[in-house]
>>> print(open('structure_11.cif').read())   # mmCIF, C-alpha atoms
data_input
loop_
_atom_site.group_PDB
_atom_site.id
_atom_site.type_symbol
_atom_site.label_atom_id
_atom_site.label_comp_id
_atom_site.auth_asym_id
_atom_site.auth_seq_id
_atom_site.Cartn_x
_atom_site.Cartn_y
_atom_site.Cartn_z
ATOM 1 C CA MET A 1 39.143 -68.951 -1.306
ATOM 2 C CA ALA A 2 39.186 -66.059 -3.751
ATOM 3 C CA ASP A 3 42.342 -64.066 -4.405
ATOM 4 C CA ALA A 4 41.412 -60.784 -2.701
ATOM 5 C CA TRP A 5 44.701 -58.970 -3.265
ATOM 6 C CA ASN A 6 44.199 -55.909 -5.433
ATOM 7 C CA PRO A 7 47.297 -54.010 -6.667
ATOM 8 C CA GLU A 8 45.351 -50.766 -7.130
ATOM 9 C CA THR A 9 43.918 -50.852 -3.606
ATOM 10 C CA TYR A 10 47.309 -51.761 -2.144
ATOM 11 C CA HIS A 11 48.998 -48.908 -4.023
ATOM 12 C CA LYS A 12 46.609 -46.307 -2.636
ATOM 13 C CA PHE A 13 49.300 -45.625 -0.019
ATOM 14 C CA LYS A 14 52.259 -46.451 -2.230
ATOM 15 C CA ASP A 15 54.691 -43.920 -0.772
ATOM 16 C CA GLU A 16 53.960 -44.879 2.839
ATOM 17 C CA ARG A 17 54.185 -48.607 2.120
ATOM 18 C CA SER A 18 57.417 -48.309 0.140
ATOM 19 C CA GLN A 19 59.477 -46.326 2.670
ATOM 20 C CA PRO A 20 60.243 -49.404 4.835
ATOM 21 C CA PHE A 21 61.492 -51.147 1.684
ATOM 22 C CA HIS A 22 64.047 -48.394 1.121
ATOM 23 C CA ASP A 23 65.106 -48.475 4.773
ATOM 24 C CA LEU A 24 65.523 -52.250 4.635
ATOM 25 C CA LEU A 25 67.464 -52.133 1.373
ATOM 26 C CA ALA A 26 69.862 -49.636 2.967
ATOM 27 C CA MET A 27 70.785 -52.338 5.507
ATOM 28 C CA VAL A 28 71.912 -54.783 2.804
ATOM 29 C CA GLY A 29 75.581 -55.084 1.884
ATOM 30 C CA PRO A 30 75.822 -55.245 -1.942
ATOM 31 C CA ARG A 31 78.326 -57.578 -3.548
ATOM 32 C CA PRO A 32 79.024 -58.389 -7.199
ATOM 33 C CA GLY A 33 76.925 -61.002 -8.981
ATOM 34 C CA MET A 34 74.364 -61.579 -6.245
ATOM 35 C CA ARG A 35 71.565 -64.115 -6.558
ATOM 36 C CA VAL A 36 68.534 -62.645 -4.783
ATOM 37 C CA LEU A 37 65.161 -64.000 -3.667
ATOM 38 C CA ASP A 38 62.297 -61.615 -2.836
ATOM 39 C CA LEU A 39 59.533 -63.320 -0.862
ATOM 40 C CA GLY A 40 56.069 -61.765 -1.185
ATOM 41 C CA CYS A 41 57.079 -59.603 -4.137
ATOM 42 C CA GLY A 42 53.567 -58.279 -4.826
ATOM 43 C CA PRO A 43 53.217 -56.412 -8.145
ATOM 44 C CA GLY A 44 56.983 -56.386 -8.595
ATOM 45 C CA GLU A 45 58.033 -52.753 -8.946
ATOM 46 C CA LEU A 46 60.047 -52.828 -5.707
ATOM 47 C CA THR A 47 61.567 -56.186 -6.684
ATOM 48 C CA GLU A 48 62.658 -54.606 -9.947
ATOM 49 C CA LEU A 49 64.208 -51.724 -8.013
ATOM 50 C CA LEU A 50 65.932 -54.190 -5.666
ATOM 51 C CA HIS A 51 67.388 -56.021 -8.669
ATOM 52 C CA GLN A 52 68.648 -52.818 -10.241
ATOM 53 C CA ARG A 53 70.068 -51.223 -7.092
ATOM 54 C CA LEU A 54 72.049 -54.338 -6.203
ATOM 55 C CA GLY A 55 73.161 -54.981 -9.780
ATOM 56 C CA ALA A 56 72.157 -58.582 -9.133
ATOM 57 C CA ARG A 57 73.030 -61.405 -11.490
ATOM 58 C CA GLU A 58 69.611 -62.956 -10.846
ATOM 59 C CA THR A 59 66.587 -61.933 -8.809
ATOM 60 C CA VAL A 60 63.569 -64.179 -8.277
ATOM 61 C CA GLY A 61 60.336 -62.639 -6.986
ATOM 62 C CA LEU A 62 57.834 -65.024 -5.413
ATOM 63 C CA ASP A 63 54.197 -64.371 -4.550
ATOM 64 C CA SER A 64 51.070 -66.466 -3.989
ATOM 65 C CA SER A 65 48.668 -63.933 -5.544
ATOM 66 C CA GLU A 66 48.029 -64.281 -9.262
ATOM 67 C CA ASN A 67 46.452 -60.806 -9.186
ATOM 68 C CA MET A 68 49.764 -59.385 -8.028
ATOM 69 C CA LEU A 69 51.904 -61.534 -10.323
ATOM 70 C CA ALA A 70 49.874 -60.414 -13.340
ATOM 71 C CA LYS A 71 51.461 -56.983 -12.868
ATOM 72 C CA THR A 72 55.002 -58.382 -12.916
ATOM 73 C CA ARG A 73 55.139 -59.876 -16.411
ATOM 74 C CA SER A 74 56.285 -56.714 -18.175
ATOM 75 C CA LYS A 75 59.173 -56.364 -15.712
ATOM 76 C CA GLU A 76 60.792 -59.732 -16.399
ATOM 77 C CA GLY A 77 64.112 -60.002 -18.193
ATOM 78 C CA LYS A 78 67.795 -59.182 -17.697
ATOM 79 C CA GLY A 79 68.071 -61.621 -14.805
ATOM 80 C CA LEU A 80 64.725 -60.740 -13.190
ATOM 81 C CA ARG A 81 61.888 -63.253 -13.074
ATOM 82 C CA PHE A 82 58.752 -63.899 -11.037
ATOM 83 C CA VAL A 83 57.285 -67.209 -9.915
ATOM 84 C CA PRO A 84 54.095 -68.282 -8.133
ATOM 85 C CA GLY A 85 54.384 -69.935 -4.749
ATOM 86 C CA SER A 86 53.703 -69.661 -1.055
ATOM 87 C CA ILE A 87 56.376 -68.649 1.439
ATOM 88 C CA GLU A 88 55.485 -71.653 3.599
ATOM 89 C CA ASP A 89 56.386 -74.346 1.079
ATOM 90 C CA PHE A 90 58.057 -72.943 -2.047
ATOM 91 C CA SER A 91 60.902 -74.873 -3.630
ATOM 92 C CA LEU A 92 63.697 -73.326 -5.697
ATOM 93 C CA ASP A 93 67.017 -74.817 -6.729
ATOM 94 C CA GLY A 94 70.374 -73.426 -5.649
ATOM 95 C CA LYS A 95 71.600 -71.105 -2.942
ATOM 96 C CA PHE A 96 70.950 -67.373 -2.629
ATOM 97 C CA ASP A 97 73.241 -64.519 -1.614
ATOM 98 C CA LEU A 98 70.287 -62.519 -0.271
ATOM 99 C CA ILE A 99 66.784 -63.436 0.839
ATOM 100 C CA PHE A 100 64.726 -60.253 1.047
ATOM 101 C CA THR A 101 61.142 -59.902 2.224
ATOM 102 C CA ASN A 102 59.211 -56.697 2.812
ATOM 103 C CA ALA A 103 55.892 -56.861 4.722
ATOM 104 C CA ALA A 104 55.067 -60.473 3.847
ATOM 105 C CA LEU A 105 56.116 -62.732 6.721
ATOM 106 C CA GLN A 106 53.334 -61.535 9.033
ATOM 107 C CA TRP A 107 51.031 -63.839 7.031
ATOM 108 C CA VAL A 108 53.200 -66.885 7.816
ATOM 109 C CA ASP A 109 53.120 -69.012 10.985
ATOM 110 C CA ASP A 110 56.115 -70.419 12.893
ATOM 111 C CA HIS A 111 58.828 -67.859 12.258
ATOM 112 C CA PRO A 112 61.523 -69.892 14.070
ATOM 113 C CA ALA A 113 61.050 -72.794 11.636
ATOM 114 C CA LEU A 114 60.794 -70.426 8.678
ATOM 115 C CA LEU A 115 64.012 -68.576 9.543
ATOM 116 C CA ALA A 116 65.834 -71.879 9.970
ATOM 117 C CA ARG A 117 64.622 -72.966 6.538
ATOM 118 C CA LEU A 118 65.626 -69.671 4.917
ATOM 119 C CA ALA A 119 69.055 -69.764 6.552
ATOM 120 C CA GLY A 120 69.595 -73.140 4.910
ATOM 121 C CA MET A 121 68.930 -71.568 1.496
ATOM 122 C CA LEU A 122 71.740 -69.029 1.846
ATOM 123 C CA ALA A 123 75.220 -69.383 0.419
ATOM 124 C CA PRO A 124 78.211 -68.754 2.726
ATOM 125 C CA GLY A 125 78.263 -65.042 3.541
ATOM 126 C CA GLY A 126 74.609 -64.851 2.539
ATOM 127 C CA GLN A 127 72.298 -62.208 3.938
ATOM 128 C CA ILE A 128 68.700 -62.108 5.044
ATOM 129 C CA ALA A 129 66.730 -58.854 5.186
ATOM 130 C CA MET A 130 63.129 -58.792 6.357
ATOM 131 C CA GLN A 131 60.591 -56.194 7.388
ATOM 132 C CA VAL A 132 57.613 -57.306 9.471
ATOM 133 C CA PRO A 133 54.722 -55.076 10.598
ATOM 134 C CA TYR A 134 54.482 -55.172 14.408
ATOM 135 C CA ASN A 135 50.914 -53.985 14.783
ATOM 136 C CA GLU A 136 48.877 -56.960 15.992
ATOM 137 C CA ASP A 137 48.192 -55.346 19.381
ATOM 138 C CA SER A 138 46.973 -52.051 17.919
ATOM 139 C CA GLU A 139 43.395 -50.857 18.321
ATOM 140 C CA PHE A 140 43.029 -50.946 14.534
ATOM 141 C CA HIS A 141 43.652 -54.689 14.468
ATOM 142 C CA ALA A 142 41.537 -55.211 17.570
ATOM 143 C CA ALA A 143 38.642 -53.463 15.816
ATOM 144 C CA ALA A 144 38.963 -55.849 12.854
ATOM 145 C CA ARG A 145 38.953 -58.867 15.173
ATOM 146 C CA ASP A 146 35.866 -57.547 16.964
ATOM 147 C CA VAL A 147 34.024 -57.064 13.674
ATOM 148 C CA ALA A 148 35.069 -60.574 12.623
ATOM 149 C CA ALA A 149 33.421 -61.866 15.797
ATOM 150 C CA GLU A 150 30.183 -60.153 14.739
ATOM 151 C CA PHE A 151 30.452 -61.910 11.340
ATOM 152 C CA ARG A 152 31.438 -65.263 12.827
ATOM 153 C CA GLY A 153 28.650 -67.044 10.940
ATOM 154 C CA PRO A 154 29.635 -66.066 7.384
ATOM 155 C CA LEU A 155 33.316 -66.377 8.357
ATOM 156 C CA SER A 156 32.842 -69.789 10.001
ATOM 157 C CA GLY A 157 34.594 -68.422 13.078
ATOM 158 C CA PHE A 158 37.713 -67.258 11.212
ATOM 159 C CA VAL A 159 39.696 -64.383 12.763
ATOM 160 C CA ARG A 160 42.922 -63.105 11.228
ATOM 161 C CA HIS A 161 45.953 -62.777 13.505
ATOM 162 C CA LEU A 162 49.154 -61.417 11.988
ATOM 163 C CA ILE A 163 52.411 -62.979 13.150
ATOM 164 C CA ALA A 164 55.458 -61.151 14.491
ATOM 165 C CA LEU A 165 57.813 -62.080 17.296
ATOM 166 C CA PRO A 166 59.237 -59.511 19.723
ATOM 167 C CA PRO A 167 62.425 -57.984 18.264
ATOM 168 C CA MET A 168 64.636 -59.601 20.921
ATOM 169 C CA GLU A 169 63.342 -63.047 19.945
ATOM 170 C CA TYR A 170 64.458 -62.490 16.355
ATOM 171 C CA ALA A 171 67.900 -61.499 17.629
ATOM 172 C CA ARG A 172 68.131 -64.703 19.658
ATOM 173 C CA LEU A 173 66.973 -66.799 16.714
ATOM 174 C CA LEU A 174 69.527 -65.279 14.374
ATOM 175 C CA PHE A 175 72.335 -65.932 16.837
ATOM 176 C CA GLY A 176 71.211 -69.532 17.287
ATOM 177 C CA LEU A 177 71.118 -70.030 13.500
ATOM 178 C CA GLY A 178 74.757 -69.034 13.199
ATOM 179 C CA PHE A 179 74.495 -65.556 11.716
ATOM 180 C CA ALA A 180 77.810 -63.812 12.340
ATOM 181 C CA GLU A 181 76.379 -60.281 12.097
ATOM 182 C CA GLN A 182 72.914 -58.918 12.693
ATOM 183 C CA SER A 183 70.831 -55.808 13.250
ATOM 184 C CA VAL A 184 67.239 -55.870 14.515
ATOM 185 C CA VAL A 185 65.417 -52.539 14.729
ATOM 186 C CA LEU A 186 61.891 -51.590 15.836
ATOM 187 C CA ARG A 187 60.911 -48.436 13.966
ATOM 188 C CA ILE A 188 57.723 -46.398 14.229
ATOM 189 C CA TYR A 189 56.604 -44.923 10.909
ATOM 190 C CA PRO A 190 54.643 -41.699 11.608
ATOM 191 C CA HIS A 191 52.067 -41.710 8.807
ATOM 192 C CA VAL A 192 49.789 -38.708 8.497
ATOM 193 C CA LEU A 193 46.602 -39.709 6.652
ATOM 194 C CA PRO A 194 43.782 -37.432 5.444
ATOM 195 C CA SER A 195 41.214 -38.819 7.881
ATOM 196 C CA LEU A 196 40.181 -41.815 9.959
ATOM 197 C CA ARG A 197 38.431 -43.162 6.866
ATOM 198 C CA ALA A 198 41.847 -43.475 5.241
ATOM 199 C CA VAL A 199 42.857 -45.967 7.954
ATOM 200 C CA ALA A 200 40.032 -48.231 6.819
ATOM 201 C CA ASP A 201 41.204 -47.792 3.229
ATOM 202 C CA TRP A 202 44.747 -48.714 4.323
ATOM 203 C CA TYR A 203 43.618 -51.984 5.856
ATOM 204 C CA ARG A 204 41.231 -52.619 2.978
ATOM 205 C CA GLY A 205 44.395 -53.197 0.951
ATOM 206 C CA SER A 206 46.061 -55.563 3.423
ATOM 207 C CA LEU A 207 44.580 -56.951 6.652
ATOM 208 C CA LEU A 208 40.970 -57.019 5.475
ATOM 209 C CA THR A 209 41.813 -59.063 2.374
ATOM 210 C CA SER A 210 41.768 -62.129 4.655
ATOM 211 C CA TYR A 211 38.083 -61.495 5.275
ATOM 212 C CA GLU A 212 37.286 -60.460 1.711
ATOM 213 C CA SER A 213 38.558 -63.797 0.396
ATOM 214 C CA ARG A 214 36.051 -65.615 2.627
ATOM 215 C CA LEU A 215 32.955 -63.446 2.096
ATOM 216 C CA ASP A 216 30.687 -62.664 -0.824
ATOM 217 C CA GLN A 217 30.872 -59.085 -2.069
ATOM 218 C CA GLU A 218 27.692 -57.878 -0.367
ATOM 219 C CA THR A 219 28.699 -59.321 2.991
ATOM 220 C CA PHE A 220 32.234 -57.947 2.705
ATOM 221 C CA THR A 221 30.852 -54.483 1.965
ATOM 222 C CA ARG A 222 28.856 -54.708 5.194
ATOM 223 C CA PHE A 223 32.000 -55.903 6.993
ATOM 224 C CA VAL A 224 34.009 -52.883 5.802
ATOM 225 C CA ASN A 225 31.175 -50.480 6.672
ATOM 226 C CA ARG A 226 30.989 -51.960 10.172
ATOM 227 C CA TYR A 227 34.771 -51.721 10.546
ATOM 228 C CA GLU A 228 34.641 -48.020 9.670
ATOM 229 C CA GLU A 229 31.819 -47.578 12.171
ATOM 230 C CA VAL A 230 33.807 -49.245 14.962
ATOM 231 C CA LEU A 231 36.827 -47.059 14.199
ATOM 232 C CA ARG A 232 34.640 -43.940 14.492
ATOM 233 C CA GLU A 233 33.377 -45.223 17.852
ATOM 234 C CA ARG A 234 36.909 -45.678 19.179
ATOM 235 C CA PHE A 235 38.849 -42.790 17.631
ATOM 236 C CA ALA A 236 38.260 -39.084 17.152
ATOM 237 C CA ASP A 237 38.232 -38.339 13.423
ATOM 238 C CA ILE A 238 40.900 -35.642 13.610
ATOM 239 C CA LYS A 239 41.948 -34.358 10.182
ATOM 240 C CA PRO A 240 44.669 -35.046 9.310
ATOM 241 C CA PHE A 241 44.784 -38.313 11.239
ATOM 242 C CA PHE A 242 48.060 -39.439 12.835
ATOM 243 C CA PHE A 243 48.620 -43.136 12.132
ATOM 244 C CA PRO A 244 51.785 -44.497 13.788
ATOM 245 C CA PHE A 245 52.820 -47.855 12.343
ATOM 246 C CA PRO A 246 55.492 -50.002 14.060
ATOM 247 C CA ARG A 247 57.652 -52.303 11.950
ATOM 248 C CA ILE A 248 60.574 -54.610 12.672
ATOM 249 C CA LEU A 249 63.521 -54.311 10.278
ATOM 250 C CA LEU A 250 65.940 -57.213 10.475
ATOM 251 C CA TRP A 251 69.225 -57.833 8.693
ATOM 252 C CA ALA A 252 71.717 -60.632 9.276
ATOM 253 C CA LYS A 253 74.711 -62.169 7.520
ATOM 254 C CA LEU A 254 76.205 -65.642 7.680
ATOM 255 C CA ALA A 255 79.931 -66.083 8.102
ATOM 256 C CA GLU A 256 81.986 -66.452 4.958
ATOM 257 C CA GLN A 257 83.103 -70.017 4.305
ATOM 258 C CA LYS A 258 86.608 -70.560 5.619
ATOM 259 C CA ALA A 259 89.249 -71.602 3.153
ATOM 260 C CA SER A 260 90.343 -75.204 3.613
ATOM 261 C CA ALA A 261 93.827 -75.767 5.031
#
>>> encode(input="structure_11.cif", output="structure tokens")
Amino acid sequence: MADAWNPETYHKFKDERSQPFHDLLAMVGPRPGMRVLDLGCGPGELTELLHQRLGARETVGLDSSENMLAKTRSKEGKGLRFVPGSIEDFSLDGKFDLIFTNAALQWVDDHPALLARLAGMLAPGGQIAMQVPYNEDSEFHAAARDVAAEFRGPLSGFVRHLIALPPMEYARLLFGLGFAEQSVVLRIYPHVLPSLRAVADWYRGSLLTSYESRLDQETFTRFVNRYEEVLRERFADIKPFFFPFPRILLWAKLAEQKASA
């Protein structure tokens, strides 16, 4: 499949997409000399900010998109580096003091197994901070699934479902994994966009990339046009358009290792 991630398209709503990052970072407890891992780092500017704000000894940004990673090269240095890899099966040596991930885990299946794996990568007292869009049941996602059904032939039946557990399930998982402290918050971000068309542009930079990677350009253009048409059928194009976006913000910390007697 083609790499359909486009930094310019994704950054069309840069301010709106970055606010959850800042809210998540505010949940993290800084400590001197941290080793940090940022999963799904994208083009890297927020990873760079994470590295600087925490004064980290080392920060590793990981992403599966070469298009995104191409934007990170100029940011490397002074303890910051970027590596290719998928969240499902990456391998890095050593333990981390913080595993951070902003709007990336919704693309990954089996969150219980993933969280268990990430917990095992943390040093004693290590923290995990993750933000996951909680929008799978929205009419905007339903419209994309319905259009995918109309294009089932070119897509070979593929339909994208984004993964997120109910907030209470994350709380239970964290407790079961031995995290001594935790906070799990469901927050609604009240975006005000210029028009309904802007909603299609928003998803053109995220959700719809799953379809773009599987379609030729002409067919994907028809897919996007049909998606916009379905949105107009289901929503009044009020300008500005209110676009509420729910996200789960999760932070947890392992217990510090007890001193031996």
>>> residues_around(input="structure_11.cif", residues="His141 in chain A", least_positions_apart="3", cutoff="10 Å", atoms="all atoms listed in the file", output="list in words")
Asn135, Glu136, Asp137, Ser138, Ala144, Arg145, Asp146, Val147, Arg160, His161, Leu162, Tyr203, Leu207 and Leu208 of chain A
>>> closest_residue(input="structure_11.cif", among="A:Phe100, A:Tyr170, A:Phe223, A:Tyr134", to="Ile188 in chain A", atoms="only C-alpha atoms")
A:Tyr134
>>> resolve_selection(input="structure_11.cif", expression="the PyMOL selection byres ((chain A and resi 177) around 9)", output="NGL selection string")
:A and (115-116 or 119 or 172-176 or 178-179 or 254)
>>> resolve_selection(input="structure_11.cif", expression="the PyMOL selection byres ((chain A and resi 102) around 7)", output="list in words")
Phe21, Phe100, Thr101, Ala103, Ala104, Met130, Gln131 and Val132 of chain A
>>> write_last_selection(input="structure_11.cif", atoms="C-alpha atoms", output="short mmCIF file (atom, residue, chain, number, x, y, z; two decimals), in the coordinates of the input")
data_model
loop_
_atom_site.label_atom_id
_atom_site.label_comp_id
_atom_site.auth_asym_id
_atom_site.auth_seq_id
_atom_site.Cartn_x
_atom_site.Cartn_y
_atom_site.Cartn_z
CA PHE A 21 61.49 -51.15 1.68
CA PHE A 100 64.73 -60.25 1.05
CA THR A 101 61.14 -59.90 2.22
CA ALA A 103 55.89 -56.86 4.72
CA ALA A 104 55.07 -60.47 3.85
CA MET A 130 63.13 -58.79 6.36
CA GLN A 131 60.59 -56.19 7.39
CA VAL A 132 57.61 -57.31 9.47
#
>>> residues_around(input="structure_11.cif", residues="Gln182 in chain A", least_positions_apart="5", cutoff="7 Å", atoms="only C-alpha atoms", output="list in words")
Trp251, Ala252 and Lys253 of chain A
>>> residues_around(input="structure_11.cif", residues="Leu46 in chain A", least_positions_apart="3", cutoff="8 Å", atoms="all atoms listed in the file", output="list in words")
Ser18, Phe21, Cys41, Leu49 and Leu50 of chain A
>>> resolve_selection(input="structure_11.cif", expression="the PyMOL selection byres ((chain A and resi 230-247) around 7)", output="PDB file with C-alpha atoms, in the coordinates of the input")
ATOM      1  CA  GLN A 131      60.591 -56.194   7.388  1.00  0.00           C
ATOM      2  CA  VAL A 132      57.613 -57.306   9.471  1.00  0.00           C
ATOM      3  CA  PRO A 133      54.722 -55.076  10.598  1.00  0.00           C
ATOM      4  CA  TYR A 134      54.482 -55.172  14.408  1.00  0.00           C
ATOM      5  CA  ASN A 135      50.914 -53.985  14.783  1.00  0.00           C
ATOM      6  CA  ALA A 143      38.642 -53.463  15.816  1.00  0.00           C
ATOM      7  CA  LEU A 186      61.891 -51.590  15.836  1.00  0.00           C
ATOM      8  CA  ARG A 187      60.911 -48.436  13.966  1.00  0.00           C
ATOM      9  CA  ILE A 188      57.723 -46.398  14.229  1.00  0.00           C
ATOM     10  CA  TYR A 189      56.604 -44.923  10.909  1.00  0.00           C
ATOM     11  CA  PRO A 190      54.643 -41.699  11.608  1.00  0.00           C
ATOM     12  CA  HIS A 191      52.067 -41.710   8.807  1.00  0.00           C
ATOM     13  CA  VAL A 192      49.789 -38.708   8.497  1.00  0.00           C
ATOM     14  CA  LEU A 193      46.602 -39.709   6.652  1.00  0.00           C
ATOM     15  CA  PRO A 194      43.782 -37.432   5.444  1.00  0.00           C
ATOM     16  CA  SER A 195      41.214 -38.819   7.881  1.00  0.00           C
ATOM     17  CA  LEU A 196      40.181 -41.815   9.959  1.00  0.00           C
ATOM     18  CA  ARG A 226      30.989 -51.960  10.172  1.00  0.00           C
ATOM     19  CA  TYR A 227      34.771 -51.721  10.546  1.00  0.00           C
ATOM     20  CA  GLU A 228      34.641 -48.020   9.670  1.00  0.00           C
ATOM     21  CA  GLU A 229      31.819 -47.578  12.171  1.00  0.00           C
ATOM     22  CA  ILE A 248      60.574 -54.610  12.672  1.00  0.00           C
ATOM     23  CA  LEU A 249      63.521 -54.311  10.278  1.00  0.00           C
TER      24      LEU A 249
END
>>> closest_residue(input="structure_11.cif", among="A:Leu25, A:Met68, A:Leu39, A:Ala129", to="Glu88 in chain A", atoms="all atoms listed in the file")
A:Leu39
>>> closest_residue(input="structure_11.cif", among="A:Glu66, A:Glu169, A:Asp38, A:Asp93", to="Leu105 in chain A", atoms="all atoms listed in the file")
A:Asp38
>>> atom_distance(input="structure_11.cif", atom1="CA of Thr221 in chain A", atom2="CA of Gln106 in chain A")
24.6 Å
>>> atom_distance(input="structure_11.cif", atom1="CA of Ala180 in chain A", atom2="CA of Ile128 in chain A")
11.8 Å
>>> atom_distance(input="structure_11.cif", atom1="CA of Leu155 in chain A", atom2="CA of Lys12 in chain A")
26.5 Å
>>> closest_residue(input="structure_11.cif", among="A:Phe151, A:Leu122, A:Thr219, A:Asp110", to="Leu165 in chain A", atoms="only C-alpha atoms")
A:Asp110
>>> build_atoms(input="structure_11.cif", residues="range 30-49 of chain A", atoms="N, CA and C atoms", output="PDB file, in the coordinates of the input")
ATOM      1  N   PRO A  30      75.734 -54.758  -0.549  1.00  0.00           N
ATOM      2  CA  PRO A  30      75.822 -55.245  -1.942  1.00  0.00           C
ATOM      3  C   PRO A  30      77.152 -55.958  -2.188  1.00  0.00           C
ATOM      4  N   ARG A  31      77.109 -56.921  -3.089  1.00  0.00           N
ATOM      5  CA  ARG A  31      78.326 -57.578  -3.548  1.00  0.00           C
ATOM      6  C   ARG A  31      78.115 -57.967  -5.003  1.00  0.00           C
ATOM      7  N   PRO A  32      79.174 -58.115  -5.765  1.00  0.00           N
ATOM      8  CA  PRO A  32      79.024 -58.389  -7.199  1.00  0.00           C
ATOM      9  C   PRO A  32      78.346 -59.733  -7.459  1.00  0.00           C
ATOM     10  N   GLY A  33      77.508 -59.757  -8.488  1.00  0.00           N
ATOM     11  CA  GLY A  33      76.925 -61.002  -8.981  1.00  0.00           C
ATOM     12  C   GLY A  33      76.010 -61.711  -8.014  1.00  0.00           C
ATOM     13  N   MET A  34      75.231 -60.963  -7.254  1.00  0.00           N
ATOM     14  CA  MET A  34      74.364 -61.579  -6.245  1.00  0.00           C
ATOM     15  C   MET A  34      73.199 -62.328  -6.884  1.00  0.00           C
ATOM     16  N   ARG A  35      72.809 -63.418  -6.226  1.00  0.00           N
ATOM     17  CA  ARG A  35      71.565 -64.115  -6.558  1.00  0.00           C
ATOM     18  C   ARG A  35      70.592 -63.817  -5.421  1.00  0.00           C
ATOM     19  N   VAL A  36      69.441 -63.227  -5.768  1.00  0.00           N
ATOM     20  CA  VAL A  36      68.534 -62.645  -4.783  1.00  0.00           C
ATOM     21  C   VAL A  36      67.159 -63.302  -4.886  1.00  0.00           C
ATOM     22  N   LEU A  37      66.535 -63.505  -3.735  1.00  0.00           N
ATOM     23  CA  LEU A  37      65.161 -64.000  -3.667  1.00  0.00           C
ATOM     24  C   LEU A  37      64.323 -62.999  -2.895  1.00  0.00           C
ATOM     25  N   ASP A  38      63.222 -62.546  -3.486  1.00  0.00           N
ATOM     26  CA  ASP A  38      62.297 -61.615  -2.836  1.00  0.00           C
ATOM     27  C   ASP A  38      60.995 -62.352  -2.552  1.00  0.00           C
ATOM     28  N   LEU A  39      60.725 -62.581  -1.279  1.00  0.00           N
ATOM     29  CA  LEU A  39      59.533 -63.320  -0.862  1.00  0.00           C
ATOM     30  C   LEU A  39      58.367 -62.363  -0.636  1.00  0.00           C
ATOM     31  N   GLY A  40      57.225 -62.646  -1.280  1.00  0.00           N
ATOM     32  CA  GLY A  40      56.069 -61.765  -1.185  1.00  0.00           C
ATOM     33  C   GLY A  40      56.297 -60.515  -2.011  1.00  0.00           C
ATOM     34  N   CYS A  41      56.640 -60.710  -3.281  1.00  0.00           N
ATOM     35  CA  CYS A  41      57.079 -59.603  -4.137  1.00  0.00           C
ATOM     36  C   CYS A  41      55.948 -58.683  -4.567  1.00  0.00           C
ATOM     37  N   GLY A  42      54.684 -59.120  -4.405  1.00  0.00           N
ATOM     38  CA  GLY A  42      53.567 -58.279  -4.826  1.00  0.00           C
ATOM     39  C   GLY A  42      53.611 -57.969  -6.313  1.00  0.00           C
ATOM     40  N   PRO A  43      53.277 -56.737  -6.715  1.00  0.00           N
ATOM     41  CA  PRO A  43      53.217 -56.412  -8.145  1.00  0.00           C
ATOM     42  C   PRO A  43      54.580 -56.212  -8.792  1.00  0.00           C
ATOM     43  N   GLY A  44      55.663 -56.265  -8.007  1.00  0.00           N
ATOM     44  CA  GLY A  44      56.983 -56.386  -8.595  1.00  0.00           C
ATOM     45  C   GLY A  44      57.804 -55.138  -8.807  1.00  0.00           C
ATOM     46  N   GLU A  45      57.233 -53.936  -8.640  1.00  0.00           N
ATOM     47  CA  GLU A  45      58.033 -52.753  -8.946  1.00  0.00           C
ATOM     48  C   GLU A  45      59.180 -52.572  -7.944  1.00  0.00           C
ATOM     49  N   LEU A  46      58.965 -52.936  -6.683  1.00  0.00           N
ATOM     50  CA  LEU A  46      60.047 -52.828  -5.707  1.00  0.00           C
ATOM     51  C   LEU A  46      61.075 -53.946  -5.902  1.00  0.00           C
ATOM     52  N   THR A  47      60.627 -55.108  -6.352  1.00  0.00           N
ATOM     53  CA  THR A  47      61.567 -56.186  -6.684  1.00  0.00           C
ATOM     54  C   THR A  47      62.459 -55.764  -7.840  1.00  0.00           C
ATOM     55  N   GLU A  48      61.882 -55.115  -8.820  1.00  0.00           N
ATOM     56  CA  GLU A  48      62.658 -54.606  -9.947  1.00  0.00           C
ATOM     57  C   GLU A  48      63.692 -53.590  -9.470  1.00  0.00           C
ATOM     58  N   LEU A  49      63.285 -52.716  -8.556  1.00  0.00           N
ATOM     59  CA  LEU A  49      64.208 -51.724  -8.013  1.00  0.00           C
ATOM     60  C   LEU A  49      65.312 -52.404  -7.201  1.00  0.00           C
TER      61      LEU A  49
END
